[in-house]
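**Student:** Coordinates in query-v6.cif, mmCIF, C-alpha atoms and all ligand atoms, are listed below.
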```cif
data_data
#
loop_
_atom_site.group_PDB
_atom_site.id
_atom_site.type_symbol
_atom_site.label_atom_id
_atom_site.label_comp_id
_atom_site.auth_asym_id
_atom_site.auth_seq_id
_atom_site.Cartn_x
_atom_site.Cartn_y
_atom_site.Cartn_z
ATOM 1 C CA MET A 28 -26.153 -55.920 -80.404
ATOM 2 C CA GLY A 29 -22.406 -55.716 -80.027
ATOM 3 C CA ILE A 30 -20.494 -53.703 -77.544
ATOM 4 C CA LEU A 31 -17.590 -51.408 -78.321
ATOM 5 C CA SER A 32 -15.235 -49.299 -76.388
ATOM 6 C CA CYS A 33 -14.833 -45.658 -77.434
ATOM 7 C CA GLU A 34 -11.311 -45.220 -78.812
ATOM 8 C CA ASN A 35 -11.176 -41.749 -77.328
ATOM 9 C CA CYS A 36 -12.597 -42.026 -73.798
ATOM 10 C CA ARG A 37 -12.943 -45.817 -73.306
ATOM 11 C CA ALA A 38 -16.645 -45.485 -72.522
ATOM 12 C CA ILE A 39 -18.711 -48.552 -73.326
ATOM 13 C CA VAL A 40 -20.970 -47.890 -76.301
ATOM 14 C CA HIS A 41 -23.196 -50.028 -78.468
ATOM 15 C CA ASP A 42 -22.124 -50.683 -82.037
ATOM 16 C CA LYS A 43 -25.321 -49.118 -83.417
ATOM 17 C CA VAL A 44 -24.227 -45.760 -82.027
ATOM 18 C CA ALA A 45 -22.294 -43.574 -84.463
ATOM 19 C CA ILE A 46 -21.145 -40.988 -81.940
ATOM 20 C CA CYS A 47 -19.926 -41.693 -78.404
ATOM 21 C CA PRO A 48 -22.568 -40.383 -75.959
ATOM 22 C CA SER A 49 -19.804 -39.776 -73.440
ATOM 23 C CA CYS A 50 -17.290 -37.688 -75.390
ATOM 24 C CA GLY A 51 -18.973 -37.039 -78.739
ATOM 25 C CA GLU A 52 -16.151 -38.719 -80.721
ATOM 26 C CA LYS A 53 -17.013 -40.843 -83.755
ATOM 27 C CA VAL A 54 -17.299 -44.502 -82.818
ATOM 28 C CA PHE A 55 -15.494 -46.993 -85.057
ATOM 29 C CA ALA A 56 -17.374 -50.177 -85.713
ATOM 30 C CA ARG A 57 -14.696 -52.373 -84.243
ATOM 31 C CA SER A 58 -15.292 -54.742 -81.379
ATOM 32 C CA SER A 59 -12.694 -54.972 -78.685
ATOM 33 C CA PRO A 60 -11.879 -58.491 -77.486
ATOM 34 C CA GLN A 61 -10.374 -57.117 -74.284
ATOM 35 C CA LEU A 62 -13.637 -55.346 -73.597
ATOM 36 C CA GLU A 63 -15.685 -58.506 -74.251
ATOM 37 C CA GLY A 64 -13.361 -60.353 -71.904
ATOM 38 C CA ALA A 65 -13.772 -57.706 -69.217
ATOM 39 C CA LEU A 66 -17.544 -57.822 -69.589
ATOM 40 C CA GLY A 67 -17.465 -61.612 -69.379
ATOM 41 C CA ARG A 68 -15.462 -61.439 -66.141
ATOM 42 C CA GLN A 69 -17.878 -58.851 -64.813
ATOM 43 C CA ARG A 70 -20.824 -61.113 -65.651
ATOM 44 C CA HIS A 71 -19.024 -64.006 -63.940
ATOM 45 C CA ARG A 72 -18.433 -61.874 -60.841
ATOM 46 C CA SER A 73 -22.064 -60.744 -60.683
ATOM 47 C CA LEU A 74 -23.128 -64.391 -61.048
ATOM 48 C CA ARG A 75 -20.927 -65.260 -58.064
ATOM 49 C CA VAL A 76 -22.387 -62.333 -56.091
ATOM 50 C CA ASP A 77 -25.875 -63.638 -56.990
ATOM 51 C CA LEU A 78 -24.929 -67.084 -55.705
ATOM 52 C CA ILE A 79 -23.592 -65.653 -52.422
ATOM 53 C CA ALA A 80 -26.699 -63.492 -52.008
ATOM 54 C CA GLN A 81 -28.923 -66.516 -52.662
ATOM 55 C CA THR A 82 -26.990 -68.639 -50.150
ATOM 56 C CA LEU A 83 -27.218 -65.876 -47.535
ATOM 57 C CA LEU A 84 -30.943 -65.583 -48.190
ATOM 58 C CA TRP A 85 -31.353 -69.318 -47.653
ATOM 59 C CA VAL A 86 -29.292 -69.222 -44.467
ATOM 60 C CA ALA A 87 -31.393 -66.293 -43.236
ATOM 61 C CA ALA A 88 -34.596 -68.180 -44.077
ATOM 62 C CA VAL A 89 -33.415 -71.308 -42.232
ATOM 63 C CA VAL A 90 -32.324 -69.227 -39.223
ATOM 64 C CA ALA A 91 -35.693 -67.427 -39.243
ATOM 65 C CA VAL A 92 -37.576 -70.743 -39.313
ATOM 66 C CA LEU A 93 -35.420 -72.175 -36.505
ATOM 67 C CA PHE A 94 -35.853 -69.032 -34.434
ATOM 68 C CA ALA A 95 -39.626 -69.046 -34.993
ATOM 69 C CA SER A 96 -39.895 -72.713 -33.927
ATOM 70 C CA TRP A 97 -37.753 -72.070 -30.869
ATOM 71 C CA TRP A 98 -39.915 -69.088 -29.949
ATOM 72 C CA LEU A 99 -43.100 -71.101 -30.466
ATOM 73 C CA PHE A 100 -41.672 -73.902 -28.310
ATOM 74 C CA LEU A 101 -40.790 -71.423 -25.542
ATOM 75 C CA THR A 102 -44.245 -69.854 -25.690
ATOM 76 C CA TRP A 103 -45.799 -73.301 -25.532
ATOM 77 C CA ALA A 104 -43.524 -74.386 -22.657
ATOM 78 C CA MET A 105 -44.210 -71.190 -20.699
ATOM 79 C CA SER A 106 -47.960 -71.405 -21.246
ATOM 80 C CA GLY A 107 -47.971 -74.810 -19.560
ATOM 81 C CA PRO A 108 -48.601 -75.105 -15.824
ATOM 82 C CA ASP A 109 -45.960 -73.438 -13.692
ATOM 83 C CA PRO A 110 -44.335 -76.191 -11.540
ATOM 84 C CA VAL A 111 -44.396 -73.949 -8.447
ATOM 85 C CA GLU A 112 -48.051 -73.229 -9.112
ATOM 86 C CA LYS A 113 -48.700 -76.974 -9.225
ATOM 87 C CA ARG A 114 -46.847 -77.405 -5.906
ATOM 88 C CA ALA A 115 -48.815 -74.492 -4.409
ATOM 89 C CA ARG A 116 -52.083 -76.090 -5.465
ATOM 90 C CA LYS A 117 -51.068 -79.499 -4.125
ATOM 91 C CA ALA A 118 -49.939 -78.034 -0.763
ATOM 92 C CA CYS A 119 -53.076 -75.921 -0.307
ATOM 93 C CA GLU A 120 -55.390 -78.738 -1.342
ATOM 94 C CA SER A 121 -53.747 -81.224 1.014
ATOM 95 C CA ALA A 122 -53.937 -78.657 3.864
ATOM 96 C CA LEU A 123 -57.656 -78.217 3.139
ATOM 97 C CA ARG A 124 -58.117 -81.972 3.023
ATOM 98 C CA SER A 125 -56.163 -82.778 6.195
ATOM 99 C CA GLY A 126 -57.775 -79.907 8.130
ATOM 100 C CA SER A 127 -61.345 -80.752 7.213
ATOM 101 C CA LEU A 128 -63.514 -83.058 9.302
ATOM 102 C CA ASP A 129 -63.666 -85.759 6.682
ATOM 103 C CA GLY A 130 -60.809 -85.147 4.292
ATOM 104 C CA GLY A 131 -61.946 -87.715 1.785
ATOM 105 C CA ARG A 132 -65.264 -86.025 1.191
ATOM 106 C CA ILE A 133 -64.120 -82.488 0.537
ATOM 107 C CA ALA A 134 -64.763 -81.223 -2.990
ATOM 108 C CA ILE A 135 -61.971 -78.976 -4.247
ATOM 109 C CA PRO A 136 -62.488 -77.366 -7.635
ATOM 110 C CA GLN A 137 -59.862 -75.467 -9.627
ATOM 111 C CA PRO A 138 -58.847 -72.357 -7.639
ATOM 112 C CA LYS A 139 -58.183 -68.887 -9.014
ATOM 113 C CA ILE A 140 -54.442 -68.372 -8.718
ATOM 114 C CA HIS A 141 -52.757 -64.987 -8.396
ATOM 115 C CA ILE A 142 -48.988 -64.663 -8.284
ATOM 116 C CA GLN A 143 -47.150 -61.683 -6.845
ATOM 117 C CA ASP A 144 -43.435 -61.570 -5.978
ATOM 118 C CA GLY A 145 -43.199 -65.347 -5.659
ATOM 119 C CA ARG A 146 -46.250 -65.432 -3.394
ATOM 120 C CA TYR A 147 -49.156 -67.487 -4.644
ATOM 121 C CA ARG A 148 -52.670 -66.655 -3.609
ATOM 122 C CA LEU A 149 -55.121 -69.469 -4.310
ATOM 123 C CA GLU A 150 -58.724 -68.499 -4.071
ATOM 124 C CA TRP A 151 -61.846 -70.580 -3.957
ATOM 125 C CA LEU A 152 -64.614 -68.018 -4.074
ATOM 126 C CA ALA A 153 -68.006 -68.525 -2.454
ATOM 127 C CA GLY A 154 -70.402 -70.454 -4.656
ATOM 128 C CA GLN A 155 -67.716 -71.769 -6.989
ATOM 129 C CA GLY A 156 -67.832 -75.389 -5.913
ATOM 130 C CA LEU A 157 -65.705 -75.714 -2.792
ATOM 131 C CA THR A 158 -67.660 -77.774 -0.275
ATOM 132 C CA MET A 159 -66.500 -78.929 3.156
ATOM 133 C CA PRO A 160 -67.992 -81.740 5.267
ATOM 134 C CA ASN A 161 -69.738 -80.432 8.376
ATOM 135 C CA GLY A 162 -69.105 -83.526 10.518
ATOM 136 C CA TYR A 163 -72.730 -84.608 10.334
ATOM 137 C CA GLY A 164 -72.546 -86.304 6.967
ATOM 138 C CA ALA A 165 -73.279 -83.248 4.846
ATOM 139 C CA ASN A 166 -71.096 -80.989 2.743
ATOM 140 C CA LEU A 167 -71.483 -77.238 3.006
ATOM 141 C CA ALA A 168 -70.483 -74.626 0.492
ATOM 142 C CA ALA A 169 -67.320 -72.836 1.578
ATOM 143 C CA TYR A 170 -64.800 -70.286 0.401
ATOM 144 C CA ALA A 171 -61.092 -70.298 1.086
ATOM 145 C CA THR A 172 -57.893 -68.363 0.510
ATOM 146 C CA CYS A 173 -54.491 -69.987 0.674
ATOM 147 C CA PHE A 174 -51.182 -68.117 0.548
ATOM 148 C CA TYR A 175 -48.201 -70.124 -0.587
ATOM 149 C CA ASP A 176 -44.608 -68.878 -0.568
ATOM 150 C CA GLY A 177 -42.987 -70.114 -3.769
ATOM 151 C CA PHE A 178 -39.459 -69.561 -2.414
ATOM 152 C CA THR A 179 -39.742 -71.485 0.853
ATOM 153 C CA GLY A 180 -42.408 -73.863 -0.445
ATOM 154 C CA THR A 181 -44.670 -73.352 2.548
ATOM 155 C CA ILE A 182 -48.199 -72.205 3.187
ATOM 156 C CA THR A 183 -48.073 -68.878 5.005
ATOM 157 C CA SER A 184 -51.798 -68.519 5.520
ATOM 158 C CA LEU A 185 -54.904 -70.585 4.968
ATOM 159 C CA ARG A 186 -58.349 -69.238 5.722
ATOM 160 C CA VAL A 187 -61.630 -71.031 5.201
ATOM 161 C CA ASN A 188 -64.916 -69.129 5.469
ATOM 162 C CA GLY A 189 -62.940 -66.139 6.714
ATOM 163 C CA LYS A 190 -61.315 -68.009 9.619
ATOM 164 C CA SER A 191 -57.808 -69.371 10.041
ATOM 165 C CA PHE A 192 -57.749 -73.036 9.100
ATOM 166 C CA PRO A 193 -57.913 -75.569 10.666
HETATM 167 ZN ZN ZN A 201 -15.943 -41.438 -76.127
#
```
Write the structure described by the file as structure tokens, please.

**Tutor:**
Amino acid sequence: MGILSCENCRAIVHDKVAICPSCGEKVFARSSPQLEGALGRQRHRSLRVDLIAQTLLWVAAVVAVLFASWWLFLTWAMSGPDPVEKRARKACESALRSGSLDGGRIAIPQPKIHIQDGRYRLEWLAGQGLTMPNGYGANLAAYATCFYDGFTGTITSLRVNGKSFP
């Protein structure tokens, strides 16, 4: 199907159309090379726009993938053990060990750790595996709470079986 330009109003009409749908003038079956050229340029332009759009889409996809990996990495890194928390645990455990009657024989399981305003509260609840030597060769079940200041890096309070320790 060829394309014509209406001699009267310059509207683009198909060559099968006898009357211009735009102005109602009779359409002459004569193709316009200028018009074909203009349409060709228009097609070329839209092809270029397509290419730009495709490139932008690819760039957006790559950026999205990079951003997603970065986010996943951050989530993974943040889900790992907090270095201050590790220090808090080490400090509290060594205080428990050095304060007990026979430091080598103390059993220290994983504490429950609560963090509030840079203050770490490590809790070994009764019956959860913390045992302390009694000085007569036996270990007794114990419970303990250790407060650790994350800013100064010091233990502010350590209580074992409800009493200040050691
Ligand atoms: Zn017309």

**Student:** Restricting the calculation to all atoms listed in the file: of A:Cys119, A:Ala171, A:Val111, A:Ala95, which residue gets closest to Gly145 in chain A?

**Tutor:**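 Of all the options, A:Val111 lies closest to Gly145 in chain A.
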
**Student:** Around (-44.1, -67.1, -4.5), as given in the file, which residues come within 12 Å? Count all atoms listed in the file and list them as a list in words.

**Tutor:** Asp109, Pro110, Val111, Glu112, Lys113, Arg114, Ala115, Ile140, His141, Ile142, Gln143, Asp144, Gly145, Arg146, Tyr147, Arg148, Leu149, Cys173, Phe174, Tyr175, Asp176, Gly177, Phe178, Thr179, Gly180, Thr181, Ile182 and Thr183 of chain A

**Student:** For the contact check between chain A and ligand ZN 201 (chain A), emit one row per residue of chain A within 8 Å, containing the shortest atom pair and the distance in Å rounded to one decimal, counting all atoms listed in the file, chain then rising number order, as a Markdown table.

**Tutor:**
```
| residue | atom | partner | partner_atom | distance |
| --- | --- | --- | --- | --- |
| A:Ser32 | CA | A:ZN201 | ZN | 7.9 |
| A:Cys33 | CA | A:ZN201 | ZN | 4.6 |
| A:Glu34 | CA | A:ZN201 | ZN | 6.6 |
| A:Asn35 | CA | A:ZN201 | ZN | 4.9 |
| A:Cys36 | CA | A:ZN201 | ZN | 4.1 |
| A:Arg37 | CA | A:ZN201 | ZN | 6.0 |
| A:Ala38 | CA | A:ZN201 | ZN | 5.5 |
| A:Ile46 | CA | A:ZN201 | ZN | 7.8 |
| A:Cys47 | CA | A:ZN201 | ZN | 4.6 |
| A:Pro48 | CA | A:ZN201 | ZN | 6.7 |
| A:Ser49 | CA | A:ZN201 | ZN | 5.0 |
| A:Cys50 | CA | A:ZN201 | ZN | 4.1 |
| A:Gly51 | CA | A:ZN201 | ZN | 5.9 |
| A:Glu52 | CA | A:ZN201 | ZN | 5.3 |
| A:Lys53 | CA | A:ZN201 | ZN | 7.7 |
| A:Val54 | CA | A:ZN201 | ZN | 7.5 |
```

**Student:** Evaluated on this file, the PyMOL selection byres (((chain A and resi 185-187) around 6) and not hetatm) picks out some residues - which ones are they, written as a ChimeraX atom specification?

**Tutor:** /A:170-173,184,188-192

**Student:** Is there a way to get, as a short mmCIF file (atom, residue, chain, number, x, y, z; two decimals) with C-alpha atoms, in the coordinates of the input, all residues within 10 Å of the point (-68.8, -89.5, 12.8) in file coordinates, counting only C-alpha atoms?

**Tutor:**
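Result file is point29.cif:
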```cif
data_model
loop_
_atom_site.label_atom_id
_atom_site.label_comp_id
_atom_site.auth_asym_id
_atom_site.auth_seq_id
_atom_site.Cartn_x
_atom_site.Cartn_y
_atom_site.Cartn_z
CA LEU A 128 -63.51 -83.06 9.30
CA ASP A 129 -63.67 -85.76 6.68
CA GLY A 162 -69.10 -83.53 10.52
CA TYR A 163 -72.73 -84.61 10.33
CA GLY A 164 -72.55 -86.30 6.97
#
```

**Student:** If I take CA of Ala153 in chain A and CA of Ala169 in chain A, how far is one from the other in Å, to one decimal?

**Tutor:** 5.9 Å

**Student:** Would you work out the distance separating CA of Ala168 in chain A from CA of Ala134 in chain A, expressed in Å to one decimal?

**Tutor:**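 Here the two named atoms are 9.4 Å from each other.
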